[in-house]
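This report concerns only the one structure given below.
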Amino acid sequence: MMGDDDSERSAPGDDVWGQARAMLDGLDGGLNIAHETLDRHVAAGHGGQVALRWIGKDGASRDLTYADMAGMTSRFANVLAARGIGRGDSLFCLMGRVPELYVAALGALKAGAVFTPLFSAFGPEPIRTRMEIGTARVLVTTPGLYKRKIAAWRDQIPSLELVLIAGDDAPEGCVALGPAMDAADPVFETARTAPEDPALIHFTSGTTGKPKGAVHVHNAVLYHAFSGRHALDLRPGTVYWCTADPGWVTGTSYGIIAPLVNRVTMIVDEAEFDLDRWYGMIGREKVEVWYSAPTAIRMMMRAGVEAAAPYDFATLRFMASVGEPLNPEAVVWSEKVFGQPFHDNWWQTETGGIMIANRPGMAVKPGSMGQPMPGIVAGIVERDGDSVSELGTGKVGDLALRPGWPSMMRAYLHEEARYRKAFVDGWYISGDLALRDEEGYFWFVGRADDLIKTSGHLIGPFEVESALIEHPAVAEAGVIGIPDDTAGEIVKAYVTLNPGHDPSEALERDIRGHARKKLGPAVAPREIVFRNTLPKTRSGKIMRRLLKARELGLPEGDTSTLESDET
Ligand code: ATP
Ligand code: MG
């Protein structure tokens, strides 16, 4: 069995990283993400290509070429350097999806600083905690966000020396970025960072608890280049739209770095999800590759197939999804609407890049995350104290990875013990449970924390949720286990309904009956309650731990990433 599994795996690691390295330029033995994403393309004669097409909330658009971006990031780096900010300094960014955010990210990296993005929708407390954990020296933000969320406590962060404010005016004690950039030199000698120098800090989504700060290095760009090419089919000139906000890792790894290192033209939409805006965007901007998330896809499904009918999707060549399990129903639905499936892929803040994917050209099995990327060795394992053994085909276990790929986190900030705990017996243990089938496809079961134990069965919430949303009335579902004297735990589901359906006892019975038919009585939810919304993180993940805490009247724990919800 093990022998078979090995032969199914991709080419040996060494070769793959050599290939990935060949996609880059390098800087006299150094490596800098800003150079790889911008300046080397300009040097190669592609300065005139649009790097970023920004679409404002009001629909106005603005094109920034690779040459524009290279120049602006150099000016930004000079603004920092003139104020004594450079190698290793921590720079935070709190902004919506505006061009300044992209300039700040790559300008900071150019100067050798370490970049941390935050969701602009975060409240003051989550912003402050993260800036304290990350010892922020610089903050880049907007006048409104500064006034509403920062000004009151800014003086209480001793490390914070410089606050840059987008636009022409800045409150007292801050520097207006517009005039500072205008006055700065458009030429900057990119910091010769070493491949292992820190580049980015990303906080995890906080789905299971207090967010951790994962540290990533410049060498990650190797894997961004490689996976952008091979998991998302990004090629020079591709028109690409990643809907994720840079406030979480997808919006940076695949919303800034992977696309630009692959010299695509990326679409950046300032606005949040809106069905007609999104459908219209594809045809209007001739989007070829689209990377989105299950929560958005389920919103599209909720509007029905007819809502998509007036739009033109002919330019789409590849569609992918990440962040949460992609229900089989969503894959089948997307084939109907777009003529091709959303390709699910799996990774984490910690892994820095896509690890398991339905790659272009692969046969998609609806409900499967696909197969490990070339160079990535994934296994389904079982821990026994300090040792780890691989499980055979079809067995549910910990989804684990062999460390060593370039975009792997190098630390959890100030949480050395927690970091070390993730590595056991030569494996990185992801915290997710999955299984592998005979053909080497991986299937997500649930987060280890969310697993439900009922009458001797182990149940992953994903399976139950997927069955529930196949019922025509159900839009979304969150499933948890609640303690029960006889069964250990019983399965309870929270569901939201599609338009045209109203909560009723009869509907509850009908959905339960549907689930029992699909799943059998041992796995089907014993109880179903209707909700208008489910609690989710800002990155769109259902927070099952909150459903559970609220159900049991327990403390809610860290809710800093919670999107405002009603219960
Ligand atoms: P925290 O670690 O703070 O609890 P989080 O794990 O949600 O938050 P992220 O790193 O943003 O933070 O998310 C990674 C997790 O998201 C994965 O470990 C997995 O549980 C889930 N996930 C991502 N992609 C997929 C996918 N394609 N299928 C199933 N689950 C996925
Ligand atoms: Mg996690």
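Residue numbering restarts at 1 in every chain; chains get A, B, ... in the order shown in the structure tokens, and ligands count up from 1 in that same order.
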Protein and nucleic acid residues within 9 Å of ligand 2 (only C-alpha atoms and all ligand atoms) as an MDAnalysis selection string: chainID A and resid 204:209 211:212 348:350 430:432 447
Store the residues picked out above, limited to C-alpha atoms, as an mmCIF file, in the first residue's frame.
```
data_model
loop_
_atom_site.group_PDB
_atom_site.id
_atom_site.type_symbol
_atom_site.label_atom_id
_atom_site.label_comp_id
_atom_site.auth_asym_id
_atom_site.auth_seq_id
_atom_site.Cartn_x
_atom_site.Cartn_y
_atom_site.Cartn_z
ATOM 1 C CA THR A 204 -4.632 33.228 10.667
ATOM 2 C CA SER A 205 -8.386 33.607 10.280
ATOM 3 C CA GLY A 206 -9.200 32.859 13.908
ATOM 4 C CA THR A 207 -11.759 30.217 12.971
ATOM 5 C CA THR A 208 -10.687 27.885 15.761
ATOM 6 C CA GLY A 209 -9.383 30.358 18.317
ATOM 7 C CA PRO A 211 -5.302 34.142 15.529
ATOM 8 C CA LYS A 212 -1.628 33.227 15.195
ATOM 9 C CA GLN A 348 -3.494 27.432 5.085
ATOM 10 C CA THR A 349 -1.945 30.654 6.299
ATOM 11 C CA GLU A 350 0.862 28.478 7.618
ATOM 12 C CA SER A 430 -2.201 20.697 9.690
ATOM 13 C CA GLY A 431 -5.022 20.395 12.226
ATOM 14 C CA ASP A 432 -7.424 19.263 9.508
ATOM 15 C CA ARG A 447 -11.088 20.440 11.329
#
```
Taking only C-alpha atoms and all ligand atoms and a cut-off of 9 Å, can you tell me which residues surround ligand 1, written as a PDB file with N, CA and C atoms, in the first residue's frame?
```pdb
ATOM      1  N   HIS A 202       1.366  37.032   8.416  1.00  0.00           N
ATOM      2  CA  HIS A 202      -0.075  36.880   8.191  1.00  0.00           C
ATOM      3  C   HIS A 202      -0.720  36.312   9.423  1.00  0.00           C
ATOM      4  N   PHE A 203      -1.769  36.941   9.867  1.00  0.00           N
ATOM      5  CA  PHE A 203      -2.518  36.369  10.971  1.00  0.00           C
ATOM      6  C   PHE A 203      -3.526  35.370  10.414  1.00  0.00           C
ATOM      7  N   THR A 204      -3.669  34.236  11.108  1.00  0.00           N
ATOM      8  CA  THR A 204      -4.632  33.228  10.667  1.00  0.00           C
ATOM      9  C   THR A 204      -6.043  33.785  10.854  1.00  0.00           C
ATOM     10  N   SER A 205      -7.023  33.073  10.307  1.00  0.00           N
ATOM     11  CA  SER A 205      -8.386  33.607  10.280  1.00  0.00           C
ATOM     12  C   SER A 205      -9.086  33.607  11.631  1.00  0.00           C
ATOM     13  N   GLY A 206      -8.546  32.876  12.600  1.00  0.00           N
ATOM     14  CA  GLY A 206      -9.200  32.859  13.908  1.00  0.00           C
ATOM     15  C   GLY A 206     -10.464  32.026  13.940  1.00  0.00           C
ATOM     16  N   THR A 207     -10.562  31.059  13.020  1.00  0.00           N
ATOM     17  CA  THR A 207     -11.759  30.217  12.971  1.00  0.00           C
ATOM     18  C   THR A 207     -11.833  29.322  14.198  1.00  0.00           C
ATOM     19  N   THR A 208     -10.691  28.830  14.646  1.00  0.00           N
ATOM     20  CA  THR A 208     -10.687  27.885  15.761  1.00  0.00           C
ATOM     21  C   THR A 208     -10.261  28.506  17.081  1.00  0.00           C
ATOM     22  N   GLY A 209      -9.826  29.750  17.063  1.00  0.00           N
ATOM     23  CA  GLY A 209      -9.383  30.358  18.317  1.00  0.00           C
ATOM     24  C   GLY A 209      -8.640  31.644  18.039  1.00  0.00           C
ATOM     25  N   LYS A 210      -7.753  32.010  18.965  1.00  0.00           N
ATOM     26  CA  LYS A 210      -7.024  33.257  18.826  1.00  0.00           C
ATOM     27  C   LYS A 210      -6.095  33.173  17.605  1.00  0.00           C
ATOM     28  N   PRO A 211      -6.140  34.190  16.727  1.00  0.00           N
ATOM     29  CA  PRO A 211      -5.302  34.142  15.529  1.00  0.00           C
ATOM     30  C   PRO A 211      -3.805  34.088  15.854  1.00  0.00           C
ATOM     31  N   LYS A 212      -3.075  33.336  15.042  1.00  0.00           N
ATOM     32  CA  LYS A 212      -1.628  33.227  15.195  1.00  0.00           C
ATOM     33  C   LYS A 212      -0.956  34.039  14.094  1.00  0.00           C
ATOM     34  N   TRP A 248      -6.316  38.716   4.456  1.00  0.00           N
ATOM     35  CA  TRP A 248      -5.922  37.336   4.761  1.00  0.00           C
ATOM     36  C   TRP A 248      -5.040  36.812   3.653  1.00  0.00           C
ATOM     37  N   VAL A 249      -4.430  35.660   3.916  1.00  0.00           N
ATOM     38  CA  VAL A 249      -3.262  35.239   3.144  1.00  0.00           C
ATOM     39  C   VAL A 249      -3.557  35.042   1.653  1.00  0.00           C
ATOM     40  N   THR A 250      -4.758  34.603   1.305  1.00  0.00           N
ATOM     41  CA  THR A 250      -5.052  34.390  -0.118  1.00  0.00           C
ATOM     42  C   THR A 250      -4.913  35.693  -0.903  1.00  0.00           C
ATOM     43  N   ALA A 293     -14.035  31.944  -3.390  1.00  0.00           N
ATOM     44  CA  ALA A 293     -14.192  31.169  -2.157  1.00  0.00           C
ATOM     45  C   ALA A 293     -15.606  30.621  -2.041  1.00  0.00           C
ATOM     46  N   PRO A 294     -15.752  29.507  -1.318  1.00  0.00           N
ATOM     47  CA  PRO A 294     -17.065  28.864  -1.208  1.00  0.00           C
ATOM     48  C   PRO A 294     -18.165  29.798  -0.719  1.00  0.00           C
ATOM     49  N   SER A 321     -11.233  27.699  -6.168  1.00  0.00           N
ATOM     50  CA  SER A 321     -11.857  28.097  -4.903  1.00  0.00           C
ATOM     51  C   SER A 321     -10.995  27.636  -3.743  1.00  0.00           C
ATOM     52  N   VAL A 322     -10.973  28.433  -2.694  1.00  0.00           N
ATOM     53  CA  VAL A 322     -10.218  28.060  -1.494  1.00  0.00           C
ATOM     54  C   VAL A 322     -10.848  28.665  -0.251  1.00  0.00           C
ATOM     55  N   GLY A 323     -10.479  28.152   0.902  1.00  0.00           N
ATOM     56  CA  GLY A 323     -10.833  28.793   2.170  1.00  0.00           C
ATOM     57  C   GLY A 323     -11.699  27.948   3.051  1.00  0.00           C
ATOM     58  N   GLU A 324     -12.537  27.162   2.428  1.00  0.00           N
ATOM     59  CA  GLU A 324     -13.459  26.282   3.118  1.00  0.00           C
ATOM     60  C   GLU A 324     -13.702  25.133   2.181  1.00  0.00           C
ATOM     61  N   PRO A 325     -14.237  24.041   2.717  1.00  0.00           N
ATOM     62  CA  PRO A 325     -14.575  22.963   1.791  1.00  0.00           C
ATOM     63  C   PRO A 325     -15.584  23.433   0.755  1.00  0.00           C
ATOM     64  N   LEU A 326     -15.393  22.988  -0.468  1.00  0.00           N
ATOM     65  CA  LEU A 326     -16.305  23.347  -1.557  1.00  0.00           C
ATOM     66  C   LEU A 326     -17.292  22.181  -1.716  1.00  0.00           C
ATOM     67  N   ASN A 327     -18.528  22.433  -1.355  1.00  0.00           N
ATOM     68  CA  ASN A 327     -19.518  21.358  -1.384  1.00  0.00           C
ATOM     69  C   ASN A 327     -19.679  20.822  -2.806  1.00  0.00           C
ATOM     70  N   ASP A 344     -11.459  23.137  -6.569  1.00  0.00           N
ATOM     71  CA  ASP A 344     -11.155  23.343  -5.158  1.00  0.00           C
ATOM     72  C   ASP A 344      -9.652  23.170  -4.914  1.00  0.00           C
ATOM     73  N   ASN A 345      -9.092  24.014  -4.058  1.00  0.00           N
ATOM     74  CA  ASN A 345      -7.751  23.714  -3.560  1.00  0.00           C
ATOM     75  C   ASN A 345      -7.644  24.028  -2.086  1.00  0.00           C
ATOM     76  N   TRP A 346      -6.680  23.384  -1.461  1.00  0.00           N
ATOM     77  CA  TRP A 346      -6.549  23.439   0.002  1.00  0.00           C
ATOM     78  C   TRP A 346      -5.177  23.974   0.397  1.00  0.00           C
ATOM     79  N   TRP A 347      -5.181  24.887   1.305  1.00  0.00           N
ATOM     80  CA  TRP A 347      -3.944  25.329   1.958  1.00  0.00           C
ATOM     81  C   TRP A 347      -4.291  26.153   3.170  1.00  0.00           C
ATOM     82  N   GLN A 348      -3.290  26.696   3.834  1.00  0.00           N
ATOM     83  CA  GLN A 348      -3.494  27.432   5.085  1.00  0.00           C
ATOM     84  C   GLN A 348      -2.555  28.634   5.131  1.00  0.00           C
ATOM     85  N   THR A 349      -2.849  29.537   6.050  1.00  0.00           N
ATOM     86  CA  THR A 349      -1.945  30.654   6.299  1.00  0.00           C
ATOM     87  C   THR A 349      -0.525  30.125   6.519  1.00  0.00           C
ATOM     88  N   GLU A 350      -0.441  29.043   7.257  1.00  0.00           N
ATOM     89  CA  GLU A 350       0.862  28.478   7.618  1.00  0.00           C
ATOM     90  C   GLU A 350       1.622  27.986   6.387  1.00  0.00           C
ATOM     91  N   THR A 351       0.918  27.427   5.416  1.00  0.00           N
ATOM     92  CA  THR A 351       1.611  26.833   4.263  1.00  0.00           C
ATOM     93  C   THR A 351       1.982  27.877   3.208  1.00  0.00           C
ATOM     94  N   GLY A 352       1.430  29.066   3.329  1.00  0.00           N
ATOM     95  CA  GLY A 352       1.810  30.180   2.458  1.00  0.00           C
ATOM     96  C   GLY A 352       1.381  30.040   1.017  1.00  0.00           C
ATOM     97  N   ILE A 354      -0.724  27.139  -2.102  1.00  0.00           N
ATOM     98  CA  ILE A 354      -1.629  26.014  -2.378  1.00  0.00           C
ATOM     99  C   ILE A 354      -0.882  24.686  -2.265  1.00  0.00           C
ATOM    100  N   ILE A 356      -2.711  21.344  -1.941  1.00  0.00           N
ATOM    101  CA  ILE A 356      -3.472  20.266  -2.572  1.00  0.00           C
ATOM    102  C   ILE A 356      -4.447  20.939  -3.527  1.00  0.00           C
ATOM    103  N   ALA A 357      -4.505  20.442  -4.742  1.00  0.00           N
ATOM    104  CA  ALA A 357      -5.294  21.191  -5.721  1.00  0.00           C
ATOM    105  C   ALA A 357      -5.883  20.301  -6.794  1.00  0.00           C
ATOM    106  N   GLY A 367     -16.307  17.575  -4.557  1.00  0.00           N
ATOM    107  CA  GLY A 367     -16.175  17.295  -3.131  1.00  0.00           C
ATOM    108  C   GLY A 367     -14.753  16.960  -2.721  1.00  0.00           C
ATOM    109  N   SER A 368     -13.869  16.711  -3.695  1.00  0.00           N
ATOM    110  CA  SER A 368     -12.467  16.431  -3.357  1.00  0.00           C
ATOM    111  C   SER A 368     -11.609  17.679  -3.539  1.00  0.00           C
ATOM    112  N   MET A 369     -10.596  17.819  -2.677  1.00  0.00           N
ATOM    113  CA  MET A 369      -9.684  18.962  -2.768  1.00  0.00           C
ATOM    114  C   MET A 369      -8.635  18.770  -3.855  1.00  0.00           C
ATOM    115  N   GLY A 370      -8.593  17.557  -4.441  1.00  0.00           N
ATOM    116  CA  GLY A 370      -7.617  17.291  -5.488  1.00  0.00           C
ATOM    117  C   GLY A 370      -6.418  16.526  -4.961  1.00  0.00           C
ATOM    118  N   SER A 430      -1.452  19.497  10.088  1.00  0.00           N
ATOM    119  CA  SER A 430      -2.201  20.697   9.690  1.00  0.00           C
ATOM    120  C   SER A 430      -3.328  21.084  10.632  1.00  0.00           C
ATOM    121  N   GLY A 431      -3.843  20.102  11.395  1.00  0.00           N
ATOM    122  CA  GLY A 431      -5.022  20.395  12.226  1.00  0.00           C
ATOM    123  C   GLY A 431      -6.328  20.080  11.514  1.00  0.00           C
ATOM    124  N   ASP A 432      -6.240  19.676  10.251  1.00  0.00           N
ATOM    125  CA  ASP A 432      -7.424  19.263   9.508  1.00  0.00           C
ATOM    126  C   ASP A 432      -7.423  17.737   9.373  1.00  0.00           C
ATOM    127  N   LEU A 433      -8.614  17.174   9.241  1.00  0.00           N
ATOM    128  CA  LEU A 433      -8.736  15.740   9.020  1.00  0.00           C
ATOM    129  C   LEU A 433      -9.202  15.498   7.588  1.00  0.00           C
ATOM    130  N   TRP A 443      -9.739  14.103   0.340  1.00  0.00           N
ATOM    131  CA  TRP A 443     -11.112  14.511   0.678  1.00  0.00           C
ATOM    132  C   TRP A 443     -11.106  15.107   2.077  1.00  0.00           C
ATOM    133  N   PHE A 444     -11.579  16.314   2.187  1.00  0.00           N
ATOM    134  CA  PHE A 444     -11.628  17.004   3.477  1.00  0.00           C
ATOM    135  C   PHE A 444     -12.745  16.413   4.340  1.00  0.00           C
ATOM    136  N   VAL A 445     -12.456  16.196   5.608  1.00  0.00           N
ATOM    137  CA  VAL A 445     -13.471  15.673   6.519  1.00  0.00           C
ATOM    138  C   VAL A 445     -13.929  16.749   7.501  1.00  0.00           C
ATOM    139  N   GLY A 446     -12.973  17.508   8.032  1.00  0.00           N
ATOM    140  CA  GLY A 446     -13.328  18.576   8.966  1.00  0.00           C
ATOM    141  C   GLY A 446     -12.081  19.002   9.718  1.00  0.00           C
ATOM    142  N   ARG A 447     -12.199  20.072  10.458  1.00  0.00           N
ATOM    143  CA  ARG A 447     -11.088  20.440  11.329  1.00  0.00           C
ATOM    144  C   ARG A 447     -11.091  19.481  12.507  1.00  0.00           C
ATOM    145  N   ALA A 448      -9.911  19.156  12.991  1.00  0.00           N
ATOM    146  CA  ALA A 448      -9.824  18.221  14.106  1.00  0.00           C
ATOM    147  C   ALA A 448     -10.729  18.679  15.249  1.00  0.00           C
ATOM    148  N   PHE A 462     -18.426  18.594   7.362  1.00  0.00           N
ATOM    149  CA  PHE A 462     -18.496  18.905   5.939  1.00  0.00           C
ATOM    150  C   PHE A 462     -19.483  17.995   5.201  1.00  0.00           C
ATOM    151  N   THR A 537     -16.030  34.245   9.805  1.00  0.00           N
ATOM    152  CA  THR A 537     -14.859  35.120   9.881  1.00  0.00           C
ATOM    153  C   THR A 537     -14.938  36.119   8.727  1.00  0.00           C
ATOM    154  N   SER A 539     -12.942  36.364   6.500  1.00  0.00           N
ATOM    155  CA  SER A 539     -12.539  35.701   5.266  1.00  0.00           C
ATOM    156  C   SER A 539     -13.599  34.698   4.823  1.00  0.00           C
ATOM    157  N   LYS A 541     -15.325  32.201   6.593  1.00  0.00           N
ATOM    158  CA  LYS A 541     -15.396  30.825   7.109  1.00  0.00           C
ATOM    159  C   LYS A 541     -16.447  30.718   8.205  1.00  0.00           C
ATOM    160  N   ILE A 542     -17.225  29.658   8.137  1.00  0.00           N
ATOM    161  CA  ILE A 542     -18.245  29.428   9.170  1.00  0.00           C
ATOM    162  C   ILE A 542     -17.534  29.129  10.496  1.00  0.00           C
ATOM    163  N   MET A 543     -17.898  29.862  11.543  1.00  0.00           N
ATOM    164  CA  MET A 543     -17.247  29.665  12.846  1.00  0.00           C
ATOM    165  C   MET A 543     -18.074  28.696  13.682  1.00  0.00           C
TER     166      MET A 543
END
```
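For the pair atom CA of A:Leu275 and atom CA of A:Ser292, the separation is 13.3 Å.
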d(atom CA of A:Ala136, atom CA of A:Tyr66) in Å: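 Separation of atom CA of A:Ala136 and atom CA of A:Tyr66: 28.6 Å.
Minimum atom-to-atom distances from A:Ala244, A:Lys57, A:Leu554, A:Val523 to A:Ala271 were compared using only C-alpha atoms, and the lowest value belongs to A:Lys57.
Going from atom CA of A:Asp68 over to atom CA of A:Pro236, you cover 17.5 Å.
Closest approach to A:Asp15 among A:Leu547, A:Ile376, A:Ala81, A:Leu401 is made by A:Ile376 (distances from only C-alpha atoms).
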Residues flagged helix (DSSP H, G or I) by DSSP in stretch 52-90 of chain A, as number ranges by chain: A: 66-82
Residues near A:Arg192, cut-off 8 Å, only C-alpha atoms, skip fewer than 4 positions along chain, as number ranges by chain: A: 27-28, 30-32, 112
If you keep N, CA and C atoms, can you produce a file of those selected residues as a PDB file, in the first residue's frame?
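As a result, again17.pdb now contains:
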```pdb
ATOM      1  N   LEU A  27      18.791  38.434  -7.080  1.00  0.00           N
ATOM      2  CA  LEU A  27      19.471  39.731  -6.907  1.00  0.00           C
ATOM      3  C   LEU A  27      20.864  39.460  -6.362  1.00  0.00           C
ATOM      4  N   ASP A  28      21.795  39.122  -7.205  1.00  0.00           N
ATOM      5  CA  ASP A  28      23.178  38.838  -6.775  1.00  0.00           C
ATOM      6  C   ASP A  28      23.199  37.950  -5.529  1.00  0.00           C
ATOM      7  N   GLY A  30      20.889  37.448  -3.560  1.00  0.00           N
ATOM      8  CA  GLY A  30      19.761  37.796  -2.695  1.00  0.00           C
ATOM      9  C   GLY A  30      18.456  37.468  -3.398  1.00  0.00           C
ATOM     10  N   LEU A  31      17.369  37.712  -2.710  1.00  0.00           N
ATOM     11  CA  LEU A  31      16.059  37.487  -3.301  1.00  0.00           C
ATOM     12  C   LEU A  31      15.096  38.478  -2.679  1.00  0.00           C
ATOM     13  N   ASN A  32      14.347  39.174  -3.507  1.00  0.00           N
ATOM     14  CA  ASN A  32      13.391  40.141  -2.986  1.00  0.00           C
ATOM     15  C   ASN A  32      12.093  40.058  -3.798  1.00  0.00           C
ATOM     16  N   GLY A 112      12.906  46.246   2.149  1.00  0.00           N
ATOM     17  CA  GLY A 112      13.402  45.220   3.066  1.00  0.00           C
ATOM     18  C   GLY A 112      12.569  45.117   4.338  1.00  0.00           C
TER      19      GLY A 112
END
```
Near stretch 35-38 of chain A, counting only C-alpha atoms, which residues have an atom at most 9 Å away, once you skip same-chain residues fewer than 4 positions from it, shown as an mmCIF file with N, CA, C and O atoms, in the first residue's frame?
```cif
data_model
loop_
_atom_site.group_PDB
_atom_site.id
_atom_site.type_symbol
_atom_site.label_atom_id
_atom_site.label_comp_id
_atom_site.auth_asym_id
_atom_site.auth_seq_id
_atom_site.Cartn_x
_atom_site.Cartn_y
_atom_site.Cartn_z
ATOM 1 N N LEU A 24 12.478 32.629 -11.638
ATOM 2 C CA LEU A 24 12.814 33.901 -10.988
ATOM 3 C C LEU A 24 14.122 34.473 -11.532
ATOM 4 O O LEU A 24 14.821 33.845 -12.301
ATOM 5 N N ASP A 25 14.423 35.677 -11.048
ATOM 6 C CA ASP A 25 15.611 36.387 -11.504
ATOM 7 C C ASP A 25 16.722 36.350 -10.451
ATOM 8 O O ASP A 25 17.844 35.946 -10.704
ATOM 9 N N GLY A 26 16.386 36.772 -9.229
ATOM 10 C CA GLY A 26 17.398 36.832 -8.166
ATOM 11 C C GLY A 26 18.100 38.173 -8.157
ATOM 12 O O GLY A 26 17.977 38.971 -9.096
ATOM 13 N N LEU A 27 18.791 38.434 -7.080
ATOM 14 C CA LEU A 27 19.471 39.731 -6.907
ATOM 15 C C LEU A 27 20.864 39.460 -6.362
ATOM 16 O O LEU A 27 21.056 39.507 -5.163
ATOM 17 N N LEU A 31 17.369 37.712 -2.710
ATOM 18 C CA LEU A 31 16.059 37.487 -3.301
ATOM 19 C C LEU A 31 15.096 38.478 -2.679
ATOM 20 O O LEU A 31 15.059 38.627 -1.459
ATOM 21 N N VAL A 42 9.940 44.916 -15.753
ATOM 22 C CA VAL A 42 10.197 46.193 -16.425
ATOM 23 C C VAL A 42 11.534 46.108 -17.158
ATOM 24 O O VAL A 42 11.641 46.476 -18.330
ATOM 25 N N ALA A 43 12.544 45.556 -16.475
ATOM 26 C CA ALA A 43 13.872 45.432 -17.089
ATOM 27 C C ALA A 43 13.808 44.560 -18.343
ATOM 28 O O ALA A 43 14.567 44.765 -19.292
ATOM 29 N N GLY A 47 7.376 46.866 -19.142
ATOM 30 C CA GLY A 47 6.905 47.979 -18.322
ATOM 31 C C GLY A 47 5.551 48.529 -18.729
ATOM 32 O O GLY A 47 4.797 49.030 -17.905
ATOM 33 N N ALA A 51 -0.377 45.991 -14.919
ATOM 34 C CA ALA A 51 -0.164 45.053 -13.817
ATOM 35 C C ALA A 51 -1.441 44.939 -13.010
ATOM 36 O O ALA A 51 -1.828 43.856 -12.577
ATOM 37 N N TYR A 66 3.220 47.817 -15.123
ATOM 38 C CA TYR A 66 4.365 47.327 -14.347
ATOM 39 C C TYR A 66 5.356 48.463 -14.105
ATOM 40 O O TYR A 66 5.928 48.570 -13.016
ATOM 41 N N ALA A 67 5.527 49.330 -15.092
ATOM 42 C CA ALA A 67 6.453 50.460 -14.900
ATOM 43 C C ALA A 67 5.904 51.418 -13.838
ATOM 44 O O ALA A 67 6.655 51.898 -12.970
ATOM 45 N N MET A 69 3.942 50.687 -11.346
ATOM 46 C CA MET A 69 4.062 50.044 -10.037
ATOM 47 C C MET A 69 5.511 50.038 -9.556
ATOM 48 O O MET A 69 5.789 50.253 -8.373
ATOM 49 N N ALA A 70 6.439 49.784 -10.483
ATOM 50 C CA ALA A 70 7.856 49.772 -10.104
ATOM 51 C C ALA A 70 8.255 51.160 -9.603
ATOM 52 O O ALA A 70 8.929 51.300 -8.569
ATOM 53 N N LEU A 106 4.305 46.174 -1.781
ATOM 54 C CA LEU A 106 5.515 45.871 -2.547
ATOM 55 C C LEU A 106 6.610 46.906 -2.285
ATOM 56 O O LEU A 106 7.804 46.577 -2.339
ATOM 57 N N LEU A 109 8.330 45.767 0.881
ATOM 58 C CA LEU A 109 9.233 44.641 0.611
ATOM 59 C C LEU A 109 10.488 45.113 -0.116
ATOM 60 O O LEU A 109 11.601 44.654 0.140
ATOM 61 N N LYS A 110 10.299 46.073 -1.003
ATOM 62 C CA LYS A 110 11.444 46.631 -1.740
ATOM 63 C C LYS A 110 12.446 47.239 -0.775
ATOM 64 O O LYS A 110 13.658 47.110 -0.938
ATOM 65 N N THR A 190 16.678 48.226 -4.713
ATOM 66 C CA THR A 190 15.949 47.216 -3.935
ATOM 67 C C THR A 190 16.852 46.576 -2.889
ATOM 68 O O THR A 190 17.996 46.213 -3.185
ATOM 69 N N VAL A 221 8.429 33.407 -2.539
ATOM 70 C CA VAL A 221 8.076 33.824 -3.905
ATOM 71 C C VAL A 221 8.341 32.706 -4.928
ATOM 72 O O VAL A 221 7.691 32.615 -5.957
ATOM 73 N N ILE A 256 -1.598 39.276 -4.826
ATOM 74 C CA ILE A 256 -0.525 40.224 -5.137
ATOM 75 C C ILE A 256 0.680 39.484 -5.737
ATOM 76 O O ILE A 256 1.072 39.732 -6.879
ATOM 77 N N ILE A 257 1.242 38.569 -4.965
ATOM 78 C CA ILE A 257 2.564 38.051 -5.333
ATOM 79 C C ILE A 257 2.527 37.058 -6.499
ATOM 80 O O ILE A 257 3.196 37.260 -7.521
ATOM 81 N N ALA A 258 1.744 35.982 -6.356
ATOM 82 C CA ALA A 258 1.714 34.974 -7.441
ATOM 83 C C ALA A 258 1.314 35.578 -8.789
ATOM 84 O O ALA A 258 1.946 35.284 -9.801
ATOM 85 N N PRO A 259 0.283 36.418 -8.830
ATOM 86 C CA PRO A 259 -0.076 36.968 -10.153
ATOM 87 C C PRO A 259 1.014 37.860 -10.739
ATOM 88 O O PRO A 259 1.333 37.745 -11.927
ATOM 89 N N LEU A 260 1.594 38.725 -9.916
ATOM 90 C CA LEU A 260 2.574 39.660 -10.486
ATOM 91 C C LEU A 260 3.876 38.955 -10.843
ATOM 92 O O LEU A 260 4.512 39.292 -11.839
ATOM 93 N N VAL A 261 4.272 37.970 -10.049
ATOM 94 C CA VAL A 261 5.512 37.272 -10.392
ATOM 95 C C VAL A 261 5.311 36.514 -11.705
ATOM 96 O O VAL A 261 6.247 36.353 -12.497
ATOM 97 N N ASN A 262 4.073 36.111 -11.980
ATOM 98 C CA ASN A 262 3.768 35.454 -13.254
ATOM 99 C C ASN A 262 3.381 36.443 -14.358
ATOM 100 O O ASN A 262 2.901 36.031 -15.415
ATOM 101 N N ARG A 263 3.548 37.704 -14.087
ATOM 102 C CA ARG A 263 3.289 38.796 -15.042
ATOM 103 C C ARG A 263 1.886 38.756 -15.650
ATOM 104 O O ARG A 263 1.712 38.826 -16.862
#
```
Test item: residues at most 9 Å from A:Pro171, only C-alpha atoms, excluding those fewer than 3 positions along its chain, as a PyMOL selection string: chain A and resi 143+146-147+165+174-176
Strand (DSSP E or B) positions in stretch 52-269 of chain A, given as a PyMOL selection string: chain A and resi 52-55+61-65+90-94+114-118+138-141+162-165+175-176+198-203+213-217+239-242+265-269
Nearest candidate to A:Lys365 (options A:Val187, A:Val396, A:Val332, A:Ile380; using only C-alpha atoms):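 Of all the options, A:Val332 lies closest to A:Lys365.
Across A:Ala296, A:Val381, A:Val239, A:Ile127, the tightest approach to A:Gln49 is made by A:Val239 when counting only C-alpha atoms.
Considering only C-alpha atoms, the residue among A:Gly520, A:Pro499, A:Gly84, A:Pro555 positioned nearest to A:Pro472 is A:Pro499.
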